[in-house]
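This report concerns only the one structure given below.
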Number of protein chains: 2
Amino acid sequence: MKLLSKNSLPPNLRDRTFIKQLVTGQRLFQQGDSAKYFFIVQTGRFKLIRYFDTSNVINLEFAKTGDSLGDRSIFTDVYDSSAIALVDSTVIVYPKQLLLSSLLEDPDLAGDLIAILVKKMQSLQVNLELRNIRLAHQRLLQYLRYLATADNDRVINLDRPYKEIALELGFTPETLSRALLRLEQEGKIDRQQNKIILHNSSVA
Amino acid sequence: MKLLSKNSLPPNLRDRTFIKQLVTGQRLFQQGDSAKYFFIVQTGRFKLIRYFDTSNVINLEFAKTGDSLGDRSIFTDVYDSSAIALVDSTVIVYPKQLLLSSLLEDPDLAGDLIAILVKKMQSLQVNLELRNIRLAHQRLLQYLRYLATADNDRVINLDRPYKEIALELGFTPETLSRALLRLEQEGKIDRQQNKIILHNSSVA
DNA sequence: CGCATAGTTGACTACGCTCAACCCTGGTGG
DNA sequence: CCACCAGGGTTGAGCGTAGTCAACTATGCG
């Protein structure tokens with residue numbers, strides 16, 4: 001992945017690409033801003049939110065290491081959402097227009113970007129599939145299975161608050177809490193602090 | 001968009017790209033098949049479904065004119081779902097490997113593909129946003145607004161059965177029917193056969 | 001030590017699902 | 001030309017589950 005490492009970029013693009021560090025709560029970009037940059041998360045994580053009228057905010061998605069930010073604005077001139085660092089984070093900042101013109105000259109870069117977009121599409125697709133599962137404990141279990149197969153491990157490390165997971169799954173924290181309890185009581189999982197062990201019987 | 005017209009493709013790719021016609025109910029590809037092709041819908045529409053165990057089927061998405069099919073399998077060797085024509089349809093069939101190597105030689109094609117993927121991402125994103133709206137009539141209204149702004153028209157032509165729309169929105173047909181009734185009674189919309197008129201007051 | 005926040009648990013509410021019946025339309029065949 | 005049938009769409013009644021609001025605990029941070 002040439003795209004993911006600043007040093008392997010073609011010189012003219014590399015010279016104008018830089019790393020940005022953000023602290024918890026800091027905005028990377030703001031809805032309505034001129035969309036001059038494209039980003040990839042190096043460390044940490046972000047949430048994307050959208051404002052409708054004032055005081056009407058919705059959560060769009062979460063981005064973690066390796067995910068792109070600002071991808072929906074590749075061909076539009078303003079950001080359609082705001083990105084906020086949930087923890088101290090670093091991102092690679094690409095000047096969008098220069099990146100796009102570099103893609104035309106360096107096909108490998110284009111291939112890298114396509115791969116990143118496809119990966120993101122798949123992730124959105126998984127989320128959408130999960131939403132089609134109505135019962136909270138079943139949706140949660142399926143989510144845990146995805147995490148387990150992705151990590152190839154039955155021990156799942158949840159490195160972020162349940163609150164956030166609840167939002168991503170479309171639940172309230174209360175419902176997530178009860179769903180976890182239920183899976184535990186049914187013997188499908190074990191919980192110890194922020195680790196979850198998926199039992200053999202419930203993997204298939 | 002060079003990619004969308006067979007005739008503007010580079011010769012070696014064009015020679016192996018073809019149009020395929022399908023009748024209602026016909027399968028374009030099957031989950032598990034070797035993913036040798038990438039498709040773009042020219043006319044008609046498709047549904048993508050996934051089988052878990054036998055007799056456990058879920059609906060993934062619907063694709064209409066201009067949408068890509070098989071995009072999730074660009075970098076994998078088998079299709080992760082089956083595509084079925086919902087009406088008589090035609091698709092452009094690209095040999096996947098040749099398309100990928102052509103992208104590296106013709107940057108315009110790569111740009112076109114990126115645009116298609118971004119558009120699809122946005123569409124998935126919209127669906128996901130809609131799922132975050134809990135009340136059926138509100139989710140439906142928001143959906144109608146998207147359609148209206150996309151078509152830039154307050155008269156929405158629903159060219160497909162309500163049943164299908166219900167699935168896409170994550171409702172049962174009964175719930176969709178009641179939600180339509182409610183919006184009508186609240187004066188937000190008018191219905192006449194398969195057209196829906198979005199009232200001015202409810203656009204913003 | 002005090003405060004803010006995450007997480008948990010309980011009681012109640014409300015909305016969408018399920019199942020059933022019915023209407024309506026289009027298509028088919030006698 | 002009508003009788004029949006299949007499927008989409010609508011409406012009704014009852015149920016179940018997630019949301020809401022509230023109280024409480026635990027944890028981390030100043």
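By convention here, the chains of the structure tokens are called A, B, ... in the order presented, each chain's residues are numbered starting at 1, and ligands are numbered starting at 1 in the order presented.
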
Quiz prompt | Residue contacts of D:DC21 (12 Å, only C-alpha atoms (C1' of nucleotides)) excluding same-chain residues fewer than 5 positions away, as a PyMOL selection string | solution = (chain A and resi 174) or (chain C and resi 10-13)

Could those residues be written to a file, using C-alpha atoms (C1' of nucleotides), as a PDB file, in the first residue's frame?
ATOM      1  CA  GLU A 174     -29.345   0.225  28.397  1.00  0.00           C
TER       2      GLU A 174
ATOM      3  C1'  DG C  10     -35.995  -1.520  37.285  1.00  0.00           C
ATOM      4  C1'  DA C  11     -40.767  -0.036  35.807  1.00  0.00           C
ATOM      5  C1'  DC C  12     -43.480   1.718  32.330  1.00  0.00           C
ATOM      6  C1'  DT C  13     -44.597   3.039  27.597  1.00  0.00           C
TER       7       DT C  13
END

Quiz item: Any idea what's packed within 12 Å of C:DG26, counting only C-alpha atoms (C1' of nucleotides), ignoring anything in its chain fewer than 5 positions away? Could you give it as a PyMOL selection string?
Solution: chain D and resi 5-8

Emit the selected residues as a short mmCIF file (atom, residue, chain, number, x, y, z; two decimals), in the first residue's frame, including N, CA and C atoms (P, O5', C5', C4', C3', O3' and C1' of nucleotides).
data_model
loop_
_atom_site.label_atom_id
_atom_site.label_comp_id
_atom_site.auth_asym_id
_atom_site.auth_seq_id
_atom_site.Cartn_x
_atom_site.Cartn_y
_atom_site.Cartn_z
P DC D 5 -60.32 -21.29 -7.56
"O5'" DC D 5 -58.90 -20.60 -7.74
"C5'" DC D 5 -58.14 -20.87 -8.92
"C4'" DC D 5 -56.99 -19.89 -9.00
"C3'" DC D 5 -56.27 -19.66 -7.66
"O3'" DC D 5 -54.90 -20.02 -7.81
"C1'" DC D 5 -56.74 -17.60 -8.78
P DA D 6 -54.01 -20.09 -6.50
"O5'" DA D 6 -53.06 -18.83 -6.77
"C5'" DA D 6 -52.48 -18.65 -8.07
"C4'" DA D 6 -51.67 -17.37 -8.04
"C3'" DA D 6 -50.91 -17.14 -6.75
"O3'" DA D 6 -49.62 -16.63 -7.02
"C1'" DA D 6 -52.41 -15.36 -7.12
P DG D 7 -48.57 -16.38 -5.83
"O5'" DG D 7 -48.55 -14.79 -5.74
"C5'" DG D 7 -48.32 -14.03 -6.92
"C4'" DG D 7 -48.53 -12.57 -6.58
"C3'" DG D 7 -47.90 -12.18 -5.24
"O3'" DG D 7 -46.94 -11.16 -5.46
"C1'" DG D 7 -50.20 -11.51 -5.35
P DG D 8 -46.37 -10.31 -4.21
"O5'" DG D 8 -47.30 -9.01 -4.26
"C5'" DG D 8 -47.26 -8.19 -5.43
"C4'" DG D 8 -48.12 -6.96 -5.21
"C3'" DG D 8 -47.68 -6.10 -4.04
"O3'" DG D 8 -47.75 -4.73 -4.44
"C1'" DG D 8 -49.91 -6.83 -3.70
#

Residues of chain D that have any atom at most 12 Å from an atom of chain B: could you tabulate them with the shortest-distance atom pair and the distance in Å to one decimal, using only C-alpha atoms (C1' of nucleotides), ordered by chain and increasing number, as JSON lines?
{"residue": "D:DG7", "atom": "C1'", "partner": "B:Lys163", "partner_atom": "CA", "distance": 11.0}
{"residue": "D:DG8", "atom": "C1'", "partner": "B:Pro161", "partner_atom": "CA", "distance": 7.7}
{"residue": "D:DG9", "atom": "C1'", "partner": "B:Ser177", "partner_atom": "CA", "distance": 7.7}
{"residue": "D:DT10", "atom": "C1'", "partner": "B:Ser177", "partner_atom": "CA", "distance": 7.0}
{"residue": "D:DT11", "atom": "C1'", "partner": "B:Arg178", "partner_atom": "CA", "distance": 8.9}
{"residue": "D:DG12", "atom": "C1'", "partner": "B:Glu174", "partner_atom": "CA", "distance": 11.2}
{"residue": "D:DA18", "atom": "C1'", "partner": "B:Arg134", "partner_atom": "CA", "distance": 10.4}
{"residue": "D:DG19", "atom": "C1'", "partner": "B:Arg134", "partner_atom": "CA", "distance": 9.7}

N, CA and C atoms (P, O5', C5', C4', C3', O3' and C1' of nucleotides) of the current selection, written as an mmCIF file, in the first residue's frame:
data_model
loop_
_atom_site.group_PDB
_atom_site.id
_atom_site.type_symbol
_atom_site.label_atom_id
_atom_site.label_comp_id
_atom_site.auth_asym_id
_atom_site.auth_seq_id
_atom_site.Cartn_x
_atom_site.Cartn_y
_atom_site.Cartn_z
ATOM 1 P P DG D 7 -48.571 -16.376 -5.827
ATOM 2 O "O5'" DG D 7 -48.548 -14.789 -5.736
ATOM 3 C "C5'" DG D 7 -48.317 -14.028 -6.921
ATOM 4 C "C4'" DG D 7 -48.532 -12.566 -6.578
ATOM 5 C "C3'" DG D 7 -47.903 -12.183 -5.239
ATOM 6 O "O3'" DG D 7 -46.940 -11.163 -5.462
ATOM 7 C "C1'" DG D 7 -50.197 -11.508 -5.350
ATOM 8 P P DG D 8 -46.373 -10.308 -4.215
ATOM 9 O "O5'" DG D 8 -47.298 -9.011 -4.264
ATOM 10 C "C5'" DG D 8 -47.262 -8.192 -5.427
ATOM 11 C "C4'" DG D 8 -48.123 -6.962 -5.210
ATOM 12 C "C3'" DG D 8 -47.677 -6.096 -4.041
ATOM 13 O "O3'" DG D 8 -47.751 -4.734 -4.435
ATOM 14 C "C1'" DG D 8 -49.913 -6.830 -3.698
ATOM 15 P P DG D 9 -47.222 -3.616 -3.435
ATOM 16 O "O5'" DG D 9 -48.500 -3.222 -2.576
ATOM 17 C "C5'" DG D 9 -49.577 -2.544 -3.209
ATOM 18 C "C4'" DG D 9 -50.756 -2.497 -2.278
ATOM 19 C "C3'" DG D 9 -50.513 -1.789 -0.938
ATOM 20 O "O3'" DG D 9 -51.329 -0.635 -0.891
ATOM 21 C "C1'" DG D 9 -51.762 -3.784 -0.677
ATOM 22 P P DT D 10 -51.276 0.344 0.369
ATOM 23 O "O5'" DT D 10 -52.458 -0.207 1.284
ATOM 24 C "C5'" DT D 10 -53.785 -0.174 0.773
ATOM 25 C "C4'" DT D 10 -54.740 -0.736 1.807
ATOM 26 C "C3'" DT D 10 -54.686 -0.068 3.187
ATOM 27 O "O3'" DT D 10 -55.969 0.452 3.462
ATOM 28 C "C1'" DT D 10 -54.730 -2.430 3.378
ATOM 29 P P DT D 11 -56.192 1.477 4.635
ATOM 30 O "O5'" DT D 11 -56.683 0.539 5.823
ATOM 31 C "C5'" DT D 11 -57.916 -0.171 5.687
ATOM 32 C "C4'" DT D 11 -58.052 -1.187 6.805
ATOM 33 C "C3'" DT D 11 -57.822 -0.652 8.227
ATOM 34 O "O3'" DT D 11 -59.033 -0.787 8.940
ATOM 35 C "C1'" DT D 11 -56.775 -2.755 7.899
ATOM 36 P P DG D 12 -59.198 -0.141 10.380
ATOM 37 O "O5'" DG D 12 -59.092 -1.420 11.334
ATOM 38 C "C5'" DG D 12 -59.964 -2.526 11.118
ATOM 39 C "C4'" DG D 12 -59.575 -3.675 12.019
ATOM 40 C "C3'" DG D 12 -59.198 -3.278 13.451
ATOM 41 O "O3'" DG D 12 -60.025 -3.985 14.372
ATOM 42 C "C1'" DG D 12 -57.560 -4.725 12.516
ATOM 43 P P DA D 18 -35.030 -6.200 21.771
ATOM 44 O "O5'" DA D 18 -34.819 -4.629 21.656
ATOM 45 C "C5'" DA D 18 -35.192 -3.989 20.444
ATOM 46 C "C4'" DA D 18 -35.550 -2.546 20.722
ATOM 47 C "C3'" DA D 18 -34.481 -1.766 21.491
ATOM 48 O "O3'" DA D 18 -34.351 -0.480 20.906
ATOM 49 C "C1'" DA D 18 -36.540 -1.687 22.662
ATOM 50 P P DG D 19 -33.419 0.654 21.560
ATOM 51 O "O5'" DG D 19 -34.501 1.670 22.154
ATOM 52 C "C5'" DG D 19 -35.403 2.284 21.247
ATOM 53 C "C4'" DG D 19 -36.289 3.274 21.977
ATOM 54 C "C3'" DG D 19 -35.521 4.329 22.772
ATOM 55 O "O3'" DG D 19 -36.120 5.604 22.552
ATOM 56 C "C1'" DG D 19 -36.920 3.069 24.233
#

Exercise. Give me the residues within 10 Å of C:DG16 as a list in words, counting only C-alpha atoms (C1' of nucleotides) and dropping any in the same chain fewer than 4 places off.
Key: Arg134, Leu135, Ala136, Phe171, Thr172, Glu174 and Thr175 of chain B; DG16 and DT17 of chain D

Quiz item: Which chain A residues are at most 9 Å from chain B (counting only C-alpha atoms), as a VMD selection string?
Solution: chain A and resid 58 to 61 71 to 75 100 103 to 108 110 to 111 113 to 115 117 to 122 124 to 125 127 to 129 131 to 132 170

Practice problem: Check every residue of chain C for an atom within 12 Å of chain A, counting only C-alpha atoms (C1' of nucleotides), and provide those that qualify as a list in words. | Solution: DT5, DA6, DG7, DT8, DT9, DG10, DG16 and DC17 of chain C

So that I have them on file, write out the residues from the current selection with C-alpha atoms (C1' of nucleotides), as a CSV table (one decimal), in the first residue's frame.
chain,number,residue,atom,x,y,z
C,5,DT,C1',-19.3,9.9,33.3
C,6,DA,C1',-19.9,5.0,32.1
C,7,DG,C1',-22.4,1.2,33.1
C,8,DT,C1',-26.3,-1.4,35.3
C,9,DT,C1',-31.0,-2.4,36.8
C,10,DG,C1',-36.0,-1.5,37.3
C,16,DG,C1',-43.4,-2.2,15.0
C,17,DC,C1',-44.2,-7.2,14.3

Quiz item: Smallest atom-to-atom distance to B:Leu4: which of B:Ala85, B:Val91, B:Ala63, B:Ala35, using only C-alpha atoms?
Solution: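 For B:Leu4, the nearest of the candidates is B:Val91.
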
Exercise. Compile the contact shell of stretch 190-194 of chain B as an NGL selection string: residues with an atom at most 9 Å away, counting only C-alpha atoms (C1' of nucleotides), same-chain residues fewer than 2 positions apart removed.
Key: :B and (156-161 or 180 or 183-185 or 187-188 or 196-199)

Next, write the just-selected residues to a file, as a PDB file, in the first residue's frame, keeping N, CA and C atoms as the atom set.
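Result file out.pdb:
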ATOM      1  N   ILE B 156     -42.857  11.999  -6.724  1.00  0.00           N
ATOM      2  CA  ILE B 156     -41.971  10.844  -6.701  1.00  0.00           C
ATOM      3  C   ILE B 156     -42.666   9.676  -7.377  1.00  0.00           C
ATOM      4  N   ASN B 157     -42.028   9.142  -8.382  1.00  0.00           N
ATOM      5  CA  ASN B 157     -42.578   7.990  -9.073  1.00  0.00           C
ATOM      6  C   ASN B 157     -42.004   6.719  -8.476  1.00  0.00           C
ATOM      7  N   LEU B 158     -42.842   5.934  -7.844  1.00  0.00           N
ATOM      8  CA  LEU B 158     -42.362   4.683  -7.287  1.00  0.00           C
ATOM      9  C   LEU B 158     -42.609   3.596  -8.311  1.00  0.00           C
ATOM     10  N   ASP B 159     -41.537   3.207  -8.955  1.00  0.00           N
ATOM     11  CA  ASP B 159     -41.647   2.265 -10.052  1.00  0.00           C
ATOM     12  C   ASP B 159     -41.491   0.826  -9.591  1.00  0.00           C
ATOM     13  N   ARG B 160     -41.583   0.637  -8.299  1.00  0.00           N
ATOM     14  CA  ARG B 160     -41.428  -0.731  -7.807  1.00  0.00           C
ATOM     15  C   ARG B 160     -42.376  -0.959  -6.644  1.00  0.00           C
ATOM     16  N   PRO B 161     -42.687  -2.212  -6.357  1.00  0.00           N
ATOM     17  CA  PRO B 161     -43.711  -2.496  -5.336  1.00  0.00           C
ATOM     18  C   PRO B 161     -43.320  -1.978  -3.954  1.00  0.00           C
ATOM     19  N   LEU B 180     -47.469   5.340   5.399  1.00  0.00           N
ATOM     20  CA  LEU B 180     -47.964   6.138   4.270  1.00  0.00           C
ATOM     21  C   LEU B 180     -49.291   6.786   4.626  1.00  0.00           C
ATOM     22  N   LEU B 183     -48.726   9.736   7.020  1.00  0.00           N
ATOM     23  CA  LEU B 183     -48.188  10.930   6.364  1.00  0.00           C
ATOM     24  C   LEU B 183     -49.266  11.613   5.537  1.00  0.00           C
ATOM     25  N   GLU B 184     -50.130  10.797   4.944  1.00  0.00           N
ATOM     26  CA  GLU B 184     -51.205  11.356   4.131  1.00  0.00           C
ATOM     27  C   GLU B 184     -52.196  12.109   5.027  1.00  0.00           C
ATOM     28  N   GLN B 185     -52.538  11.478   6.154  1.00  0.00           N
ATOM     29  CA  GLN B 185     -53.503  12.107   7.061  1.00  0.00           C
ATOM     30  C   GLN B 185     -52.937  13.366   7.702  1.00  0.00           C
ATOM     31  N   GLY B 187     -51.143  15.330   6.157  1.00  0.00           N
ATOM     32  CA  GLY B 187     -51.032  16.316   5.091  1.00  0.00           C
ATOM     33  C   GLY B 187     -49.620  16.498   4.567  1.00  0.00           C
ATOM     34  N   LYS B 188     -48.739  15.582   4.888  1.00  0.00           N
ATOM     35  CA  LYS B 188     -47.354  15.709   4.432  1.00  0.00           C
ATOM     36  C   LYS B 188     -47.201  15.237   2.977  1.00  0.00           C
ATOM     37  N   ILE B 196     -46.226   9.683  -5.519  1.00  0.00           N
ATOM     38  CA  ILE B 196     -46.358  10.332  -4.222  1.00  0.00           C
ATOM     39  C   ILE B 196     -45.939  11.777  -4.365  1.00  0.00           C
ATOM     40  N   ILE B 197     -46.782  12.678  -3.909  1.00  0.00           N
ATOM     41  CA  ILE B 197     -46.450  14.096  -3.968  1.00  0.00           C
ATOM     42  C   ILE B 197     -46.049  14.564  -2.574  1.00  0.00           C
ATOM     43  N   LEU B 198     -44.856  15.083  -2.494  1.00  0.00           N
ATOM     44  CA  LEU B 198     -44.330  15.581  -1.232  1.00  0.00           C
ATOM     45  C   LEU B 198     -44.763  17.032  -1.095  1.00  0.00           C
ATOM     46  N   HIS B 199     -45.449  17.363   0.004  1.00  0.00           N
ATOM     47  CA  HIS B 199     -45.936  18.725   0.139  1.00  0.00           C
ATOM     48  C   HIS B 199     -44.824  19.676   0.538  1.00  0.00           C
TER      49      HIS B 199
END
